[in-house]
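Let me begin by presenting the structure, written as structure tokens, before commenting on it.
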Amino acid sequence: MKRIDHRIWLLVPPLLLLLVAFIGPVTWLLSRAFTQPAPGFGNFVELWEHPVYLRVIWNTLLISAITTPVCVAVGFPVAHAMTYANARTRRWLIFLVLLPFWTSLLVRTFATVILLQRNGPLNAMLLGMGIIGQPLPLLYNMTGLLIGAVQVLLPFVIFPLHASMMKIEPAYMQAALTLGADPLRAFFRVYLPLTLPGLMTGATLVFISVLGYFVTPAMLGGVRQLMVAQLIQDQIGQFGNWGIAGALSLILLLATAVLLGLLHATVGLKAVAR
Amino acid sequence: MGGWRALRSAVCVMVALYLLAPLVIVVIVSFSAASFLRFPPPALSFRWYDNLFGDPGWMRSIAISIEVLIPASLSATVLGTAAAYALIRGRVPGASLILGCLMLPIVVPAIITGAGLYGVYRGLGLNGTRTGLIIGHTVLIMPYVVATVSASLRMMDARLEDAAATLGASPWAGFRRVTLPLLMPSVLSGLLFAMVVSFDELIVSLFISTARVRPVTVLMWSNVRGDFDPTIAAIATLCFVFAFFALLLEMIVRRRAGAEHT
């Protein structure tokens, strides 16, 4: 008989905490969808029948779908520079990207509000340079939300991309170039496919983060950018409507799970801690 | 290739400005003499810091944040390290599945965790208590410790621990004298990040706190949504400085340990 590894007991306290303070409460919330106000699928029927709810769900998906490619496009060159810079520059770039990552989301979003105000520094600069004749409306609309969201989420694409790029043999690109591919073709046919694991991981992380976004749309977006997370809070805080809140939570969680499942099926889930 | 290099550098500079400009502006505005958020400020002063430190409401919130952060980050570090050690070194069936479950609090949107805790806490009278906040924060920040410590355990040579065992060290002595000292940098780095995450946590705290027990982020939240004055820029600056030093310390710990960031 194999002896039991006694180290297994070390798992009991953390798993107990997880069960009591996380899995339990989340399950309780999700189960409200089927129990309140009456048992059954009534809440889902209500969601389906009210265009308001559907519009918020659609909005949320749309905002995620817009934010993700923007993050990838902006993050890619930065990850590339980070990968091929000398050690000193790399350390600076990492510090630069990590600093906002460690700074409170609330603080950064508040800072963006000041930056984007009607008479804020960005508008003042653009006016001063004569690029615009009137202050641009940068806050409480899609523009503000996008500017704030990309800023917050850039590290989530930069670090996985950087990790992928570090693994690419420089010889591959050289071979493609020597064999006569022009640089652009070599990039799209050889380099880009090799970065796909990092790119997919980063894009998925951004997409699922935006799906559950709460602080940024509430502070930078307008009424038209109402997203699912805010709707859940309103349903509980203002109407005490736990059933609808549970149903919306279930949809949000399922969407997140499906995306992570797809990521797992394509590139495999590794510990994407940082 | 030259064109790409130039473009890449340009994007990096723009991103640097994009990431740092808002933070720099907040710091400057916090020293403004004007009573609204004008930039650049007409004159400089410390009045918003005086305002902040003279306001018992803000001071009480800062105190509550710290009273939650210390026990939560310490217990998350102990529990997270224990879990990582058991999963990576122990022969645990289904270890990777358990590891995945322990990561769930990062993956599940905070709004769901917050609403669930609020609902369950109602029956237990835990809403608006420090205990409730500590429990909630611990479960939210534990994954960061598990991730950091398990990554470093995977890179550590397990034969060092085997050697200790062969030489007659009990499992506990082996852990305390061999494993833990080698793990210390990543445990510390997990602890620092856990402290920062707890201090910054807003969404779950928003649900489970009340006007009497309100962490600083929740008070900031209720202030930024109305007409705000630069006091909020002062508290934001303090949060930023806290994060800055925590990150600096973490990078030093890592460099000392010789583990390069990847």
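Residue numbers start at 1 in each chain; chains themselves are named A, B, ... in the order of the structure tokens; ligands are numbered from 1 in the order shown.
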Contacts of Pro40 in chain B within 12 Å, only C-alpha atoms, excl. fewer than 4 positions in-chain, as a list in words: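 Everything that qualifies: Ile114, Leu115, Asn119, Gly120, Pro121, Leu122, Ala124 and Met125 of chain A; Val24, Ile25, Val26, Val27, Ile28, Val29, Ser30, Phe31, Ser32, Ala33, Ala34, Phe36 and Leu44 of chain B.
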Quick one: everything within 12 Å of range 158-173 of chain B, counting only C-alpha atoms, minus sequence neighbours fewer than 2 positions away in the same chain. Send it as a ChimeraX atom specification. /A:5-7,10 /B:85,88-90,152-156,175-183
Take the selection from the previous step and output its residues with N, CA and C atoms, as a PDB file, in the first residue's frame.
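What landed in out11.pdb:
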ATOM      1  N   ASP A   5       0.732  10.891   1.238  1.00  0.00           N
ATOM      2  CA  ASP A   5       1.606  12.043   1.389  1.00  0.00           C
ATOM      3  C   ASP A   5       0.915  13.017   2.350  1.00  0.00           C
ATOM      4  N   HIS A   6       1.519  13.209   3.527  1.00  0.00           N
ATOM      5  CA  HIS A   6       0.839  14.023   4.535  1.00  0.00           C
ATOM      6  C   HIS A   6       0.733  15.489   4.162  1.00  0.00           C
ATOM      7  N   ARG A   7       1.524  15.873   3.142  1.00  0.00           N
ATOM      8  CA  ARG A   7       1.460  17.279   2.729  1.00  0.00           C
ATOM      9  C   ARG A   7       0.092  17.639   2.164  1.00  0.00           C
ATOM     10  N   LEU A  10      -2.127  20.084   3.964  1.00  0.00           N
ATOM     11  CA  LEU A  10      -1.899  21.530   3.850  1.00  0.00           C
ATOM     12  C   LEU A  10      -2.948  22.179   2.953  1.00  0.00           C
TER      13      LEU A  10
ATOM     14  N   TYR B  85       2.750  24.623  -2.093  1.00  0.00           N
ATOM     15  CA  TYR B  85       3.721  23.595  -1.690  1.00  0.00           C
ATOM     16  C   TYR B  85       3.104  22.204  -1.785  1.00  0.00           C
ATOM     17  N   ILE B  88       2.533  21.314  -5.644  1.00  0.00           N
ATOM     18  CA  ILE B  88       3.688  21.124  -6.522  1.00  0.00           C
ATOM     19  C   ILE B  88       4.588  20.007  -6.003  1.00  0.00           C
ATOM     20  N   ARG B  89       4.735  19.908  -4.674  1.00  0.00           N
ATOM     21  CA  ARG B  89       5.662  18.924  -4.125  1.00  0.00           C
ATOM     22  C   ARG B  89       4.991  17.637  -3.646  1.00  0.00           C
ATOM     23  N   GLY B  90       3.738  17.771  -3.197  1.00  0.00           N
ATOM     24  CA  GLY B  90       3.064  16.586  -2.677  1.00  0.00           C
ATOM     25  C   GLY B  90       2.543  15.733  -3.829  1.00  0.00           C
ATOM     26  N   SER B 152       7.590  29.538  -8.689  1.00  0.00           N
ATOM     27  CA  SER B 152       8.972  29.466  -8.234  1.00  0.00           C
ATOM     28  C   SER B 152       9.314  28.071  -7.708  1.00  0.00           C
ATOM     29  N   LEU B 153       8.322  27.353  -7.144  1.00  0.00           N
ATOM     30  CA  LEU B 153       8.567  25.970  -6.710  1.00  0.00           C
ATOM     31  C   LEU B 153       8.886  25.059  -7.896  1.00  0.00           C
ATOM     32  N   ARG B 154       8.208  25.336  -9.030  1.00  0.00           N
ATOM     33  CA  ARG B 154       8.449  24.515 -10.215  1.00  0.00           C
ATOM     34  C   ARG B 154       9.871  24.687 -10.724  1.00  0.00           C
ATOM     35  N   MET B 155      10.404  25.912 -10.559  1.00  0.00           N
ATOM     36  CA  MET B 155      11.754  26.161 -11.073  1.00  0.00           C
ATOM     37  C   MET B 155      12.838  25.695 -10.104  1.00  0.00           C
ATOM     38  N   MET B 156      12.422  25.467  -8.834  1.00  0.00           N
ATOM     39  CA  MET B 156      13.409  25.094  -7.819  1.00  0.00           C
ATOM     40  C   MET B 156      13.760  23.615  -7.955  1.00  0.00           C
ATOM     41  N   PHE B 175      11.378  21.548   5.134  1.00  0.00           N
ATOM     42  CA  PHE B 175      10.647  22.678   4.577  1.00  0.00           C
ATOM     43  C   PHE B 175      11.168  23.997   5.143  1.00  0.00           C
ATOM     44  N   ARG B 176      11.338  23.989   6.493  1.00  0.00           N
ATOM     45  CA  ARG B 176      11.696  25.234   7.170  1.00  0.00           C
ATOM     46  C   ARG B 176      13.140  25.647   6.872  1.00  0.00           C
ATOM     47  N   ARG B 177      14.057  24.644   6.768  1.00  0.00           N
ATOM     48  CA  ARG B 177      15.473  24.990   6.642  1.00  0.00           C
ATOM     49  C   ARG B 177      15.943  25.042   5.198  1.00  0.00           C
ATOM     50  N   VAL B 178      15.263  24.337   4.301  1.00  0.00           N
ATOM     51  CA  VAL B 178      15.725  24.301   2.907  1.00  0.00           C
ATOM     52  C   VAL B 178      14.738  24.994   1.953  1.00  0.00           C
ATOM     53  N   THR B 179      13.492  24.487   1.942  1.00  0.00           N
ATOM     54  CA  THR B 179      12.533  24.999   0.955  1.00  0.00           C
ATOM     55  C   THR B 179      12.188  26.465   1.197  1.00  0.00           C
ATOM     56  N   LEU B 180      11.788  26.769   2.450  1.00  0.00           N
ATOM     57  CA  LEU B 180      11.291  28.110   2.727  1.00  0.00           C
ATOM     58  C   LEU B 180      12.325  29.204   2.453  1.00  0.00           C
ATOM     59  N   PRO B 181      13.588  29.023   2.912  1.00  0.00           N
ATOM     60  CA  PRO B 181      14.569  30.077   2.599  1.00  0.00           C
ATOM     61  C   PRO B 181      14.727  30.309   1.098  1.00  0.00           C
ATOM     62  N   LEU B 182      14.689  29.217   0.321  1.00  0.00           N
ATOM     63  CA  LEU B 182      14.831  29.375  -1.129  1.00  0.00           C
ATOM     64  C   LEU B 182      13.592  30.025  -1.742  1.00  0.00           C
ATOM     65  N   LEU B 183      12.445  29.783  -1.107  1.00  0.00           N
ATOM     66  CA  LEU B 183      11.183  30.320  -1.627  1.00  0.00           C
ATOM     67  C   LEU B 183      10.933  31.760  -1.210  1.00  0.00           C
TER      68      LEU B 183
END
Selection near Gly202 in chain A, 8 Å with only C-alpha atoms, sequence-local residues under 3 positions removed, as a PyMOL selection string: chain A and resi 72+156-161+198-199+205-206
May I have the residues from that selection written out with N, CA and C atoms, as an mmCIF file, in the first residue's frame?
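What ended up in again_26.cif:
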data_model
loop_
_atom_site.group_PDB
_atom_site.id
_atom_site.type_symbol
_atom_site.label_atom_id
_atom_site.label_comp_id
_atom_site.auth_asym_id
_atom_site.auth_seq_id
_atom_site.Cartn_x
_atom_site.Cartn_y
_atom_site.Cartn_z
ATOM 1 N N VAL A 72 -4.310 44.726 -28.579
ATOM 2 C CA VAL A 72 -3.307 43.890 -29.234
ATOM 3 C C VAL A 72 -2.436 44.754 -30.154
ATOM 4 N N PHE A 156 -2.001 43.168 -19.830
ATOM 5 C CA PHE A 156 -2.511 41.807 -20.025
ATOM 6 C C PHE A 156 -2.156 41.243 -21.394
ATOM 7 N N VAL A 157 -1.949 42.118 -22.397
ATOM 8 C CA VAL A 157 -1.484 41.587 -23.685
ATOM 9 C C VAL A 157 0.032 41.674 -23.796
ATOM 10 N N ILE A 158 0.627 42.704 -23.193
ATOM 11 C CA ILE A 158 2.070 42.888 -23.376
ATOM 12 C C ILE A 158 2.854 41.718 -22.770
ATOM 13 N N PHE A 159 2.503 41.301 -21.554
ATOM 14 C CA PHE A 159 3.324 40.265 -20.919
ATOM 15 C C PHE A 159 3.206 38.878 -21.578
ATOM 16 N N PRO A 160 2.009 38.397 -21.875
ATOM 17 C CA PRO A 160 1.962 37.110 -22.608
ATOM 18 C C PRO A 160 2.641 37.165 -23.976
ATOM 19 N N LEU A 161 2.482 38.299 -24.697
ATOM 20 C CA LEU A 161 3.139 38.436 -25.998
ATOM 21 C C LEU A 161 4.658 38.408 -25.847
ATOM 22 N N GLY A 198 0.869 33.637 -27.210
ATOM 23 C CA GLY A 198 0.834 34.831 -26.361
ATOM 24 C C GLY A 198 -0.277 35.772 -26.777
ATOM 25 N N LEU A 199 -0.439 35.908 -28.072
ATOM 26 C CA LEU A 199 -1.455 36.830 -28.585
ATOM 27 C C LEU A 199 -2.855 36.383 -28.174
ATOM 28 N N LEU A 205 -7.583 37.310 -22.218
ATOM 29 C CA LEU A 205 -7.594 37.970 -20.907
ATOM 30 C C LEU A 205 -8.268 39.332 -20.999
ATOM 31 N N VAL A 206 -7.951 40.082 -22.071
ATOM 32 C CA VAL A 206 -8.562 41.404 -22.241
ATOM 33 C C VAL A 206 -10.069 41.248 -22.434
#
Near Leu194 in chain A, counting only C-alpha atoms, which residues have an atom at most 9 Å away, once you skip same-chain residues fewer than 2 positions from it, shown as a PyMOL selection string? chain A and resi 164-165+167-168+190-192+196-198
Exercise: range 133-145 of chain A partners within 8 Å, only C-alpha atoms, chain neighbours under 6 positions left out, as a PyMOL selection string: chain A and resi 113+116-119+123-124+127+216-217+219-225
With distances taken over only C-alpha atoms, which of B:Met142, B:Leu124, B:Ala233, B:Ala257 is nearest to Ser75 in chain B?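 The shortest atom-to-atom distance to Ser75 in chain B comes from B:Met142.
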One-decimal distance in Å that lies between CA of Arg122 in chain B and CA of Leu248 in chain A: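 Here the two named atoms are 20.7 Å from each other.
From CA of Leu254 in chain A back to CA of Asp234 in chain A, the distance works out to 20.5 Å.
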So that each row is one residue of chain A with an atom at most 7 Å from chain B, can you give its shortest atom pair and the distance in Å to one decimal, using only C-alpha atoms, rows by chain and rising number, as a tab-separated table?
residue	atom	partner	partner_atom	distance
A:Asp5	CA	B:Arg91	CA	6.2
A:Arg7	CA	B:Ala86	CA	5.3
A:Ile8	CA	B:Ala86	CA	5.7
A:Leu10	CA	B:Ala82	CA	5.6
A:Leu11	CA	B:Ala83	CA	5.1
A:Pro13	CA	B:Leu79	CA	6.9
A:Pro14	CA	B:Leu79	CA	5.3
A:Leu17	CA	B:Val139	CA	6.8
A:Leu18	CA	B:Val139	CA	6.2
A:Ala21	CA	B:Gly136	CA	6.5
A:Phe22	CA	B:Thr113	CA	6.7
A:Pro25	CA	B:Gly116	CA	4.4
A:Val26	CA	B:Gly116	CA	4.9
A:Trp28	CA	B:Gly116	CA	6.5
A:Leu29	CA	B:Gly116	CA	5.0
A:Pro77	CA	B:Arg8	CA	5.3
A:Val78	CA	B:Cys12	CA	5.6
A:Ala81	CA	B:Arg8	CA	6.8
A:Leu96	CA	B:Ala16	CA	6.9
A:Leu99	CA	B:Phe244	CA	6.5
A:Pro100	CA	B:Leu19	CA	6.7
A:Trp102	CA	B:Ala243	CA	5.7
A:Thr103	CA	B:Ala243	CA	5.3
A:Ser104	CA	B:Asp200	CA	5.0
A:Val107	CA	B:Ala236	CA	5.4
A:Arg108	CA	B:Leu23	CA	6.7
A:Ala111	CA	B:Pro22	CA	4.8
A:Thr112	CA	B:Pro22	CA	5.5
A:Leu115	CA	B:Pro22	CA	6.0
A:Gly120	CA	B:Phe39	CA	6.3
A:Pro121	CA	B:Phe39	CA	6.1
A:Gln151	CA	B:Leu19	CA	6.3
A:Ala163	CA	B:Thr262	CA	6.6
A:Gly212	CA	B:Pro109	CA	5.1
A:Ala229	CA	B:Ile111	CA	6.2
A:Ser249	CA	B:Ile112	CA	6.2
A:Leu253	CA	B:Val108	CA	6.8
A:Ala271	CA	B:Ala147	CA	6.9
A:Ala273	CA	B:Ala147	CA	5.8
Export, as a short mmCIF file (atom, residue, chain, number, x, y, z; two decimals), in the first residue's frame, the selected residues with C-alpha atoms.
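For reference, selection_36.cif as written:
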data_model
loop_
_atom_site.label_atom_id
_atom_site.label_comp_id
_atom_site.auth_asym_id
_atom_site.auth_seq_id
_atom_site.Cartn_x
_atom_site.Cartn_y
_atom_site.Cartn_z
CA ASP A 5 1.61 12.04 1.39
CA ARG A 7 1.46 17.28 2.73
CA ILE A 8 -2.02 16.86 1.29
CA LEU A 10 -1.90 21.53 3.85
CA LEU A 11 -4.59 21.91 1.20
CA PRO A 13 -7.44 25.29 5.05
CA PRO A 14 -7.06 27.07 1.67
CA LEU A 17 -11.73 29.10 2.62
CA LEU A 18 -12.29 28.91 -1.12
CA ALA A 21 -16.03 32.42 0.94
CA PHE A 22 -16.07 31.96 -2.82
CA PRO A 25 -21.50 32.57 -2.30
CA VAL A 26 -21.11 32.43 -6.10
CA TRP A 28 -25.84 30.90 -4.08
CA LEU A 29 -26.01 33.96 -6.35
CA PRO A 77 5.14 46.84 -30.72
CA VAL A 78 5.77 47.39 -27.02
CA ALA A 81 10.62 46.32 -28.17
CA LEU A 96 6.91 51.26 -17.02
CA LEU A 99 3.77 50.55 -12.54
CA PRO A 100 0.27 51.32 -13.75
CA TRP A 102 0.25 47.91 -9.61
CA THR A 103 -1.51 51.25 -9.24
CA SER A 104 -5.13 51.17 -8.18
CA VAL A 107 -6.74 55.95 -9.21
CA ARG A 108 -5.84 55.40 -12.84
CA ALA A 111 -6.56 60.25 -13.47
CA THR A 112 -7.97 59.58 -16.93
CA LEU A 115 -6.89 64.11 -18.43
CA GLY A 120 -8.51 69.14 -19.32
CA PRO A 121 -4.87 68.94 -20.41
CA GLN A 151 -4.78 51.87 -20.75
CA ALA A 163 6.75 35.65 -23.14
CA GLY A 212 -16.96 41.95 -16.35
CA ALA A 229 -21.67 44.36 -14.41
CA SER A 249 -24.30 36.67 -13.56
CA LEU A 253 -19.85 33.59 -16.11
CA ALA A 271 -0.41 29.80 -15.30
CA ALA A 273 0.30 34.93 -13.46
#
Coordinates-based distance that separates CA of Val52 in chain A from CA of Leu231 in chain A (Å, one decimal):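 Spanning CA of Leu231 in chain A to CA of Val52 in chain A is a straight-line distance of 10.2 Å.
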Find the spatial neighbours of Phe44 in chain A, counting only C-alpha atoms, within a cut-off of 12 Å - ignore same-chain residues fewer than 2 positions away - and output them as a short mmCIF file (atom, residue, chain, number, x, y, z; two decimals) with C-alpha atoms, in the first residue's frame.
data_model
loop_
_atom_site.label_atom_id
_atom_site.label_comp_id
_atom_site.auth_asym_id
_atom_site.auth_seq_id
_atom_site.Cartn_x
_atom_site.Cartn_y
_atom_site.Cartn_z
CA ARG A 32 -31.14 32.82 -7.44
CA ALA A 33 -31.67 32.85 -11.21
CA PHE A 34 -33.82 29.72 -10.91
CA THR A 35 -35.47 30.33 -7.53
CA GLN A 36 -36.44 33.99 -7.27
CA ALA A 38 -40.49 31.90 -8.51
CA PRO A 39 -38.84 28.56 -9.31
CA GLY A 40 -38.17 27.97 -12.99
CA PHE A 41 -36.71 29.81 -15.93
CA GLY A 42 -38.83 32.94 -15.55
CA GLU A 46 -37.82 38.12 -18.79
CA LEU A 47 -34.28 38.88 -20.01
CA TRP A 48 -35.22 37.65 -23.46
CA GLU A 49 -38.42 39.66 -23.61
CA HIS A 50 -36.97 43.01 -22.55
CA TYR A 53 -31.40 43.75 -21.06
CA LEU A 54 -30.49 42.40 -24.47
CA GLY A 243 -33.35 36.68 -9.74
CA ILE A 244 -32.39 38.88 -12.68
CA ALA A 245 -29.00 39.60 -11.11
CA GLY A 246 -28.39 35.86 -10.80
CA ALA A 247 -29.44 35.21 -14.39
CA LEU A 248 -27.18 37.98 -15.71
CA SER A 249 -24.30 36.67 -13.56
CA LEU A 250 -24.80 33.20 -14.96
CA ILE A 251 -24.66 34.52 -18.53
#
Leaving out Ser73 in chain B and any residue of its chain fewer than 6 positions from it, which residues lie within 7 Å of it when counting only C-alpha atoms, given as a VMD selection string? chain B and resid 138 191 194 to 195
Quick check for you: according to DSSP on this backbone, which residues of range 136-212 of chain A are classed as helix (DSSP H, G or I)? Reply as a ChimeraX atom specification. /A:142-166,170-178,183-211
Restricted to C-alpha atoms, what would the selected residues look like written as a JSON list (two decimals), in the first residue's frame?
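File written: part-v1.json
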[["chain", "number", "residue", "atom", "x", "y", "z"],
["A", 142, "MET", "CA", -17.29, 55.33, -26.21],
["A", 143, "THR", "CA", -14.06, 57.28, -26.81],
["A", 144, "GLY", "CA", -13.46, 57.86, -23.10],
["A", 145, "LEU", "CA", -14.30, 54.28, -22.24],
["A", 146, "LEU", "CA", -11.95, 52.94, -24.91],
["A", 147, "ILE", "CA", -9.07, 55.23, -23.88],
["A", 148, "GLY", "CA", -9.46, 54.20, -20.25],
["A", 149, "ALA", "CA", -9.97, 50.49, -20.93],
["A", 150, "VAL", "CA", -6.98, 50.10, -23.24],
["A", 151, "GLN", "CA", -4.78, 51.87, -20.75],
["A", 152, "VAL", "CA", -5.79, 49.57, -17.95],
["A", 153, "LEU", "CA", -5.61, 46.37, -19.98],
["A", 154, "LEU", "CA", -2.40, 46.83, -21.98],
["A", 155, "PRO", "CA", -0.24, 44.83, -19.52],
["A", 156, "PHE", "CA", -2.51, 41.81, -20.02],
["A", 157, "VAL", "CA", -1.48, 41.59, -23.68],
["A", 158, "ILE", "CA", 2.07, 42.89, -23.38],
["A", 159, "PHE", "CA", 3.32, 40.27, -20.92],
["A", 160, "PRO", "CA", 1.96, 37.11, -22.61],
["A", 161, "LEU", "CA", 3.14, 38.44, -26.00],
["A", 162, "HIS", "CA", 6.56, 39.17, -24.58],
["A", 163, "ALA", "CA", 6.75, 35.65, -23.14],
["A", 164, "SER", "CA", 5.90, 34.17, -26.56],
["A", 165, "MET", "CA", 8.39, 36.37, -28.39],
["A", 166, "MET", "CA", 11.19, 35.41, -26.02],
["A", 170, "PRO", "CA", 15.90, 34.65, -34.31],
["A", 171, "ALA", "CA", 17.18, 32.14, -36.88],
["A", 172, "TYR", "CA", 13.62, 31.52, -38.15],
["A", 173, "MET", "CA", 13.20, 35.10, -39.35],
["A", 174, "GLN", "CA", 16.73, 35.13, -40.78],
["A", 175, "ALA", "CA", 16.03, 31.94, -42.67],
["A", 176, "ALA", "CA", 12.83, 33.38, -44.16],
["A", 177, "LEU", "CA", 14.65, 36.55, -45.21],
["A", 178, "THR", "CA", 17.62, 34.66, -46.64],
["A", 183, "PRO", "CA", 10.30, 41.48, -44.55],
["A", 184, "LEU", "CA", 6.55, 42.03, -44.47],
["A", 185, "ARG", "CA", 5.83, 38.56, -45.80],
["A", 186, "ALA", "CA", 8.35, 37.00, -43.43],
["A", 187, "PHE", "CA", 6.66, 38.80, -40.57],
["A", 188, "PHE", "CA", 3.14, 37.65, -41.42],
["A", 189, "ARG", "CA", 4.06, 34.13, -42.46],
["A", 190, "VAL", "CA", 6.75, 33.28, -39.93],
["A", 191, "TYR", "CA", 6.91, 35.66, -36.99],
["A", 192, "LEU", "CA", 3.25, 36.43, -36.31],
["A", 193, "PRO", "CA", 2.12, 32.78, -36.21],
["A", 194, "LEU", "CA", 4.83, 32.04, -33.67],
["A", 195, "THR", "CA", 3.48, 34.75, -31.36],
["A", 196, "LEU", "CA", -0.05, 33.31, -31.52],
["A", 197, "PRO", "CA", -0.03, 31.56, -28.11],
["A", 198, "GLY", "CA", 0.83, 34.83, -26.36],
["A", 199, "LEU", "CA", -1.46, 36.83, -28.59],
["A", 200, "MET", "CA", -4.43, 34.54, -27.97],
["A", 201, "THR", "CA", -3.78, 34.46, -24.23],
["A", 202, "GLY", "CA", -3.52, 38.24, -24.05],
["A", 203, "ALA", "CA", -6.58, 38.81, -26.23],
["A", 204, "THR", "CA", -8.67, 36.37, -24.19],
["A", 205, "LEU", "CA", -7.59, 37.97, -20.91],
["A", 206, "VAL", "CA", -8.56, 41.40, -22.24],
["A", 207, "PHE", "CA", -11.87, 40.17, -23.62],
["A", 208, "ILE", "CA", -12.98, 38.47, -20.40],
["A", 209, "SER", "CA", -11.80, 41.42, -18.30],
["A", 210, "VAL", "CA", -13.93, 43.80, -20.34],
["A", 211, "LEU", "CA", -16.93, 41.47, -20.12]]
